[in-house]
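Everything below concerns the one structure shown next.
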Amino acid sequence: DTAVSQTPKYLVTQMGNDKSIKCEQNLGHDTMYWYKQDSKKFLKIMFSYNNKELIINETVPNRFSPKSPDKAHLNLHINSLELGDSAVYFCASSQENRGYTFGSGTRLTVV
Amino acid sequence: GNSVTQMEGPVTLSEEAFLTINCTYTATGYPSLFWYVQYPGEGLQLLLKATKADDKGSNKGFEATYRKETTSFHLEKGSVQVSDSAVYFCALSDSGGYNKLIFGAGTRLAVHP
């Protein structure tokens, strides 16, 4: 029943590793997003896809690569993880004039 | 560019006190404005929204009015409860056409019995 689901909820990994976070929405929305929330709770958009097409790509290191196999899924792959990548990553989806729905977040800790 | 400024927290109140969290924005065009709430350990939930000037959004006793003349969208509640303790985010929807949300820094509210 969950509208926007992310996995895993928690991820602890060592520096230099490669990891992926998955997101799925069952709302039929056309647009999906990844947001990053830092340790001070500040939220900033990273990427947005509309119908599998990348439409927003903020200033994010190219170690971060989003992939959208279909409009219901938007995954985030991170290469060569660094300490500064530790944050909570939120997936979200939206449809024109219907507002956003956020996932519950993935807390990434790089040690 | 577009931006949102919120009052710094934390805001600490006793139960049944009046709450105001200030939010001002800078934007070109006519953005939509939102308040989101994040309870401890959870994701963001939409609390209320307003899509045009003078609109008032309301939900669960919270209210905010879209004031174009002062570029503000202050959040108010007449009587807070312990269960309102959370982080509150003001946000605007970028009018660039892709619904990008621009968030304020968040204001932590702690309500004590």
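Note on naming: chains are A, B, ... as they come in the structure tokens, residues start from 1 per chain, ligands start from 1 in the order shown.
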
What lies within 7 Å of Tyr66 (chain B) using only C-alpha atoms, ignoring chain neighbours under 6 positions off, as number ranges by chain?
B: 50, 52-56, 72-73

Assign secondary structure with DSSP using the backbone only, and return the residues of region 35-102 of chain B in strand (DSSP E or B) as a PyMOL selection string.
chain B and resi 35-38+44-50+56-59+62-65+67+72+75-77+86-93+101-102

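The nearest approach to Val80 (chain B) among the residues B:Leu44, B:Leu92, B:Ile21, B:Val111, with only C-alpha atoms taken into account, belongs to B:Val111.
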
Name all residues at most 7 Å from Asp30 (chain A) (count only C-alpha atoms; drop same-chain ones fewer than 4 positions away) and give them as an NGL selection string.
:A and (50-51 or 71 or 94-95)

Residue list for chain B near chain A as a count of residues only, 9 Å, only C-alpha atoms:
16

Have a look at B:Cys23, B:Ser3, B:Thr65, B:Leu109 and name the one nearest to Ser83 (chain B); count only C-alpha atoms.
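With only C-alpha atoms as the atom set, the closest residue is B:Leu109.
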
Exercise: Leu48 (chain B) partners within 8 Å, only C-alpha atoms, chain neighbours under 5 positions left out, as a compact mmCIF listing (two decimals) with N, CA, C and O atoms, in the first residue's frame:
```txt
# COMPACT_ATOMS: atom_id res chain seq x y z
N PHE B 34 4.29 25.91 0.15
CA PHE B 34 3.97 24.70 0.92
C PHE B 34 4.59 24.76 2.31
O PHE B 34 5.63 25.40 2.52
N TRP B 35 3.95 24.06 3.23
CA TRP B 35 4.58 23.70 4.50
C TRP B 35 4.58 22.18 4.58
O TRP B 35 3.55 21.53 4.39
N TYR B 36 5.78 21.64 4.85
CA TYR B 36 5.95 20.20 5.07
C TYR B 36 6.37 19.99 6.52
O TYR B 36 7.03 20.85 7.12
N GLY B 57 -3.96 28.22 3.25
CA GLY B 57 -3.91 26.77 3.41
C GLY B 57 -4.14 26.43 4.87
O GLY B 57 -3.72 27.17 5.76
N SER B 58 -4.84 25.32 5.13
CA SER B 58 -5.08 24.93 6.52
C SER B 58 -5.19 23.42 6.63
O SER B 58 -5.66 22.74 5.70
N ASN B 59 -4.76 22.91 7.79
CA ASN B 59 -4.80 21.47 8.03
C ASN B 59 -4.42 21.22 9.48
O ASN B 59 -3.45 21.82 9.98
N PHE B 62 -3.36 24.00 11.74
CA PHE B 62 -2.32 24.90 11.22
C PHE B 62 -2.90 25.72 10.07
O PHE B 62 -3.73 25.23 9.31
N GLU B 63 -2.41 26.96 9.94
CA GLU B 63 -2.84 27.83 8.84
C GLU B 63 -1.65 28.62 8.32
O GLU B 63 -0.71 28.91 9.08
N ALA B 64 -1.71 28.96 7.04
CA ALA B 64 -0.73 29.88 6.46
C ALA B 64 -1.39 30.60 5.30
O ALA B 64 -2.14 29.97 4.52
```

Can you measure CA of Gly28 (chain A) to CA of Ser68 (chain A) for me? One decimal in Å is fine.
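About the pair CA of Gly28 (chain A) and CA of Ser68 (chain A): they are 14.3 Å apart.
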
Neighbouring residues of Thr26 (chain B) were defined as those with any atom within 9 Å, considering only C-alpha atoms; residues of the same chain fewer than 5 positions away were excluded. Please report them as a PyMOL selection string.
chain B and resi 1-5+71

Output the selection as a PDB file, in the first residue's frame - all heavy atoms for each residue.
```pdb
ATOM      1  N   GLY B   1      18.382  33.636  -7.862  1.00  0.00           N
ATOM      2  CA  GLY B   1      17.451  32.533  -8.046  1.00  0.00           C
ATOM      3  C   GLY B   1      16.413  32.501  -6.941  1.00  0.00           C
ATOM      4  O   GLY B   1      16.441  33.281  -5.995  1.00  0.00           O
ATOM      5  N   ASN B   2      15.496  31.559  -7.067  1.00  0.00           N
ATOM      6  CA  ASN B   2      14.444  31.424  -6.063  1.00  0.00           C
ATOM      7  C   ASN B   2      15.004  30.897  -4.755  1.00  0.00           C
ATOM      8  O   ASN B   2      15.924  30.069  -4.745  1.00  0.00           O
ATOM      9  CB  ASN B   2      13.369  30.462  -6.577  1.00  0.00           C
ATOM     10  CG  ASN B   2      12.651  30.987  -7.792  1.00  0.00           C
ATOM     11  OD1 ASN B   2      12.780  32.167  -8.143  1.00  0.00           O
ATOM     12  ND2 ASN B   2      11.909  30.140  -8.470  1.00  0.00           N
ATOM     13  N   SER B   3      14.442  31.366  -3.649  1.00  0.00           N
ATOM     14  CA  SER B   3      14.926  30.914  -2.343  1.00  0.00           C
ATOM     15  C   SER B   3      13.833  31.058  -1.295  1.00  0.00           C
ATOM     16  O   SER B   3      12.855  31.784  -1.486  1.00  0.00           O
ATOM     17  CB  SER B   3      16.167  31.698  -1.910  1.00  0.00           C
ATOM     18  OG  SER B   3      15.842  33.043  -1.712  1.00  0.00           O
ATOM     19  N   VAL B   4      14.017  30.359  -0.187  1.00  0.00           N
ATOM     20  CA  VAL B   4      13.088  30.393   0.939  1.00  0.00           C
ATOM     21  C   VAL B   4      13.889  30.606   2.211  1.00  0.00           C
ATOM     22  O   VAL B   4      14.904  29.921   2.427  1.00  0.00           O
ATOM     23  CB  VAL B   4      12.291  29.073   1.038  1.00  0.00           C
ATOM     24  CG1 VAL B   4      11.407  29.078   2.276  1.00  0.00           C
ATOM     25  CG2 VAL B   4      11.461  28.851  -0.212  1.00  0.00           C
ATOM     26  N   THR B   5      13.428  31.526   3.043  1.00  0.00           N
ATOM     27  CA  THR B   5      14.096  31.807   4.315  1.00  0.00           C
ATOM     28  C   THR B   5      13.116  31.561   5.454  1.00  0.00           C
ATOM     29  O   THR B   5      12.013  32.115   5.465  1.00  0.00           O
ATOM     30  CB  THR B   5      14.587  33.264   4.358  1.00  0.00           C
ATOM     31  OG1 THR B   5      15.463  33.497   3.254  1.00  0.00           O
ATOM     32  CG2 THR B   5      15.342  33.526   5.658  1.00  0.00           C
ATOM     33  N   THR B  71       5.762  38.882   0.441  1.00  0.00           N
ATOM     34  CA  THR B  71       6.419  37.621   0.036  1.00  0.00           C
ATOM     35  C   THR B  71       6.594  36.706   1.243  1.00  0.00           C
ATOM     36  O   THR B  71       7.704  36.239   1.552  1.00  0.00           O
ATOM     37  CB  THR B  71       7.761  37.863  -0.681  1.00  0.00           C
ATOM     38  OG1 THR B  71       8.674  38.546   0.190  1.00  0.00           O
ATOM     39  CG2 THR B  71       7.573  38.661  -1.939  1.00  0.00           C
TER      40      THR B  71
END
```

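Distances to Ile21 (chain A) were evaluated for A:Leu83, A:Leu74, A:Val110, A:Leu54 using only C-alpha atoms, and the minimum falls at A:Leu74.
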
Go through B:Ser85, B:Ser93, B:Leu75, B:Gly9 one by one, measure the shortest atom-to-atom distance of each to Thr28 (chain B) using only C-alpha atoms, and give the residue with the smallest value.
B:Ser93

Find the distance between CA of Tyr88 (chain B) and CA of Arg108 (chain B) and write it in Å to one decimal.
6.3 Å
